[in-house]
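See structure below.
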Amino acid sequence: MRLGDDFFRRDAREVAPELAGKLLACKTAQGVSALRIAETEIYLGEADTACHAHKGRTPRTDALYRSGGTIYVYLCYGMHWLINIVTAEEENPQCVLIRACERPFDGPGKLTRRLGIDKRFYGESICTHPDIWIEDDGARYALEALPRVGIGYASEEDQARPWRYVIREKLQSEE
């Protein structure tokens with residue numbers, strides 16, 4: 001089942017752990033690829049020194065201020081596109097980074113390269129876009145909450161927050 005706006009129009013602290021284990025589906029030249037989301041990470045608004053919205057609204061961060069379900073794609077280190085899904089209501093800049101899908105796509109740059117995700121998706125809706133969406137197939141996983149990574153520019157307090165979720169063992173499938 002494709003996830004709708006109501007799933008994403010909640011606080012990122014609720015969405016991120018529930019998003020881990022879902023399927024990220026994308027139409028590619030080879031057909032539809034559906035990959036299990038293995039790792040997510042929370043970015044929680046202007047007060048979060050790791051969040052791009054920390055310095056306020058800019059042309060780059062405009063999508064973060066839109067309503068939940070908006071795709072926020074940005075270029076990291078000038079070479080890797082990273083995909084985030086905006087959460088919460090408009091003007092509340094929160095998002096969840098999809099850090100990894102099950103191997104061999106164990107990094108956000110490898111993932112977007114494999115799926116052909118780039119700036120074309122910026123500001124689009126993950127809930128209604130014909131070429132990219134997130135599905136819930138009923139699979140459930142035990143999660144491990146860990147500190148976020150790759151945010152050395154953030155405050156020590158924000159670096160230490162256990163806002164990264166990694167799937168571990170499969171628990172059940174709903175029929």
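Ordering of the structure tokens sets the chain letters (A, B, ...), residue numbers begin anew at 1 in every chain, and ligands are numbered from 1 in the order given.
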| request: With a distance cut-off of 6 Å and only C-alpha atoms, select the neighbouring residues of stretch 135-152 of chain A, excluding the residue or stretch itself and same-chain residues fewer than 6 positions from it, and output the selection as a VMD selection string. | output: chain A and resid 1 to 3 22 to 23 160 to 174
| field | alpha helix (DSSP H) residues, from DSSP on the backbone, in stretch 66-118 of chain A, as a ChimeraX atom specification | value | /A:108-115
| For the atom pair atom CA of A:Gly68 and atom CA of A:Val96, what is the interatomic distance in Å to one decimal place? | 10.2 Å
| task | Show which residues sit within 9 Å of stretch 109-123 of chain A, as a PyMOL selection string. Count only C-alpha atoms, and ignore same-chain residues fewer than 5 positions away. | result | chain A and resi 25-28+33+62-64+66+70-76+79-83+98-101+104+129+132
Emit the selected residues as an mmCIF file, in the first residue's frame, including C-alpha atoms.
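Everything below was put into out12.cif:
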```cif
data_model
loop_
_atom_site.group_PDB
_atom_site.id
_atom_site.type_symbol
_atom_site.label_atom_id
_atom_site.label_comp_id
_atom_site.auth_asym_id
_atom_site.auth_seq_id
_atom_site.Cartn_x
_atom_site.Cartn_y
_atom_site.Cartn_z
ATOM 1 C CA ALA A 25 9.893 2.404 -5.043
ATOM 2 C CA CYS A 26 11.145 4.244 -8.091
ATOM 3 C CA LYS A 27 10.573 3.833 -11.811
ATOM 4 C CA THR A 28 13.880 3.481 -13.632
ATOM 5 C CA SER A 33 12.869 -0.886 -8.276
ATOM 6 C CA ASP A 62 12.320 26.034 0.818
ATOM 7 C CA ALA A 63 10.968 22.490 0.387
ATOM 8 C CA LEU A 64 11.587 21.816 4.100
ATOM 9 C CA ARG A 66 6.260 22.658 2.865
ATOM 10 C CA THR A 70 7.324 16.757 0.104
ATOM 11 C CA ILE A 71 10.624 15.477 -1.271
ATOM 12 C CA TYR A 72 13.711 17.440 -0.187
ATOM 13 C CA VAL A 73 16.679 16.465 -2.361
ATOM 14 C CA TYR A 74 20.037 18.207 -2.025
ATOM 15 C CA LEU A 75 23.560 17.821 -3.325
ATOM 16 C CA CYS A 76 26.094 16.746 -0.697
ATOM 17 C CA MET A 79 28.597 14.947 -5.887
ATOM 18 C CA HIS A 80 25.920 12.944 -4.013
ATOM 19 C CA TRP A 81 22.190 13.623 -4.156
ATOM 20 C CA LEU A 82 20.494 12.799 -0.840
ATOM 21 C CA ILE A 83 16.757 12.239 -0.440
ATOM 22 C CA ILE A 98 16.664 7.969 3.890
ATOM 23 C CA ARG A 99 20.240 6.976 4.701
ATOM 24 C CA ALA A 100 20.251 3.477 3.268
ATOM 25 C CA CYS A 101 18.295 0.656 1.764
ATOM 26 C CA PRO A 104 24.168 -3.296 -1.641
ATOM 27 C CA HIS A 129 4.432 11.405 -7.874
ATOM 28 C CA ILE A 132 8.647 7.600 -6.885
#
```
| remark: One residue among A:Thr61, A:Gln94, A:Gln159, A:Thr49 is nearest to A:Val15 when using only C-alpha atoms, and that residue is A:Gln94
| task | Please identify which residues in stretch 17-165 of chain A DSSP calls strand (DSSP E or B) from the backbone, and express them as a ChimeraX atom specification. | result | /A:23-28,31-44,70-76,80-87,94-101,125,132-135,139-146,164-165
Output file for the selection above: C-alpha atoms, as a PDB file, in the first residue's frame:
```
ATOM      1  CA  LEU A  23       9.813   0.066   0.559  1.00  0.00           C
ATOM      2  CA  LEU A  24      11.157   2.966  -1.493  1.00  0.00           C
ATOM      3  CA  ALA A  25       9.893   2.404  -5.043  1.00  0.00           C
ATOM      4  CA  CYS A  26      11.145   4.244  -8.091  1.00  0.00           C
ATOM      5  CA  LYS A  27      10.573   3.833 -11.811  1.00  0.00           C
ATOM      6  CA  THR A  28      13.880   3.481 -13.632  1.00  0.00           C
ATOM      7  CA  GLY A  31      11.450  -0.922 -14.597  1.00  0.00           C
ATOM      8  CA  VAL A  32      10.290  -0.379 -11.027  1.00  0.00           C
ATOM      9  CA  SER A  33      12.869  -0.886  -8.276  1.00  0.00           C
ATOM     10  CA  ALA A  34      11.511  -1.339  -4.758  1.00  0.00           C
ATOM     11  CA  LEU A  35      14.170  -1.312  -2.065  1.00  0.00           C
ATOM     12  CA  ARG A  36      13.706  -1.890   1.676  1.00  0.00           C
ATOM     13  CA  ILE A  37      14.560   1.233   3.686  1.00  0.00           C
ATOM     14  CA  ALA A  38      17.205   0.058   6.129  1.00  0.00           C
ATOM     15  CA  GLU A  39      18.192   3.305   7.807  1.00  0.00           C
ATOM     16  CA  THR A  40      16.506   6.655   8.480  1.00  0.00           C
ATOM     17  CA  GLU A  41      17.610   9.794  10.268  1.00  0.00           C
ATOM     18  CA  ILE A  42      15.666  12.690  11.829  1.00  0.00           C
ATOM     19  CA  TYR A  43      16.278  16.402  11.190  1.00  0.00           C
ATOM     20  CA  LEU A  44      14.068  18.494  13.430  1.00  0.00           C
ATOM     21  CA  THR A  70       7.324  16.757   0.104  1.00  0.00           C
ATOM     22  CA  ILE A  71      10.624  15.477  -1.271  1.00  0.00           C
ATOM     23  CA  TYR A  72      13.711  17.440  -0.187  1.00  0.00           C
ATOM     24  CA  VAL A  73      16.679  16.465  -2.361  1.00  0.00           C
ATOM     25  CA  TYR A  74      20.037  18.207  -2.025  1.00  0.00           C
ATOM     26  CA  LEU A  75      23.560  17.821  -3.325  1.00  0.00           C
ATOM     27  CA  CYS A  76      26.094  16.746  -0.697  1.00  0.00           C
ATOM     28  CA  HIS A  80      25.920  12.944  -4.013  1.00  0.00           C
ATOM     29  CA  TRP A  81      22.190  13.623  -4.156  1.00  0.00           C
ATOM     30  CA  LEU A  82      20.494  12.799  -0.840  1.00  0.00           C
ATOM     31  CA  ILE A  83      16.757  12.239  -0.440  1.00  0.00           C
ATOM     32  CA  ASN A  84      14.729  13.381   2.536  1.00  0.00           C
ATOM     33  CA  ILE A  85      10.994  13.304   3.063  1.00  0.00           C
ATOM     34  CA  VAL A  86       9.513  16.375   4.745  1.00  0.00           C
ATOM     35  CA  THR A  87       7.303  15.650   7.750  1.00  0.00           C
ATOM     36  CA  GLN A  94      11.285  18.718   9.722  1.00  0.00           C
ATOM     37  CA  CYS A  95      12.406  15.826   7.561  1.00  0.00           C
ATOM     38  CA  VAL A  96      13.624  12.253   7.524  1.00  0.00           C
ATOM     39  CA  LEU A  97      16.739  11.364   5.559  1.00  0.00           C
ATOM     40  CA  ILE A  98      16.664   7.969   3.890  1.00  0.00           C
ATOM     41  CA  ARG A  99      20.240   6.976   4.701  1.00  0.00           C
ATOM     42  CA  ALA A 100      20.251   3.477   3.268  1.00  0.00           C
ATOM     43  CA  CYS A 101      18.295   0.656   1.764  1.00  0.00           C
ATOM     44  CA  SER A 125       5.181  14.889  -3.438  1.00  0.00           C
ATOM     45  CA  ILE A 132       8.647   7.600  -6.885  1.00  0.00           C
ATOM     46  CA  TRP A 133       6.691   6.494  -3.812  1.00  0.00           C
ATOM     47  CA  ILE A 134       6.922   4.626  -0.507  1.00  0.00           C
ATOM     48  CA  GLU A 135       4.982   1.428   0.140  1.00  0.00           C
ATOM     49  CA  ALA A 139       6.880  -6.221   7.063  1.00  0.00           C
ATOM     50  CA  ARG A 140       7.977  -5.138  10.536  1.00  0.00           C
ATOM     51  CA  TYR A 141      11.496  -4.975  11.933  1.00  0.00           C
ATOM     52  CA  ALA A 142      13.218  -4.553  15.264  1.00  0.00           C
ATOM     53  CA  LEU A 143      15.055  -1.226  15.212  1.00  0.00           C
ATOM     54  CA  GLU A 144      18.199   0.104  16.802  1.00  0.00           C
ATOM     55  CA  ALA A 145      18.301   3.820  17.650  1.00  0.00           C
ATOM     56  CA  LEU A 146      21.771   5.322  17.232  1.00  0.00           C
ATOM     57  CA  ARG A 164      19.135   7.374  13.438  1.00  0.00           C
ATOM     58  CA  TYR A 165      17.093   4.187  13.051  1.00  0.00           C
TER      59      TYR A 165
END
```
| request: Give the answer as one residue: which of A:Asn92, A:Asp48, A:Ser67, A:Gly107 has the shortest atom-to-atom distance to A:Cys127, using only C-alpha atoms? | output: A:Ser67
| message | Between atom CA of A:Thr128 and atom CA of A:His54, what is the distance in Å, rounded to a tenth? | response |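 Separation of atom CA of A:Thr128 and atom CA of A:His54: 28.2 Å.
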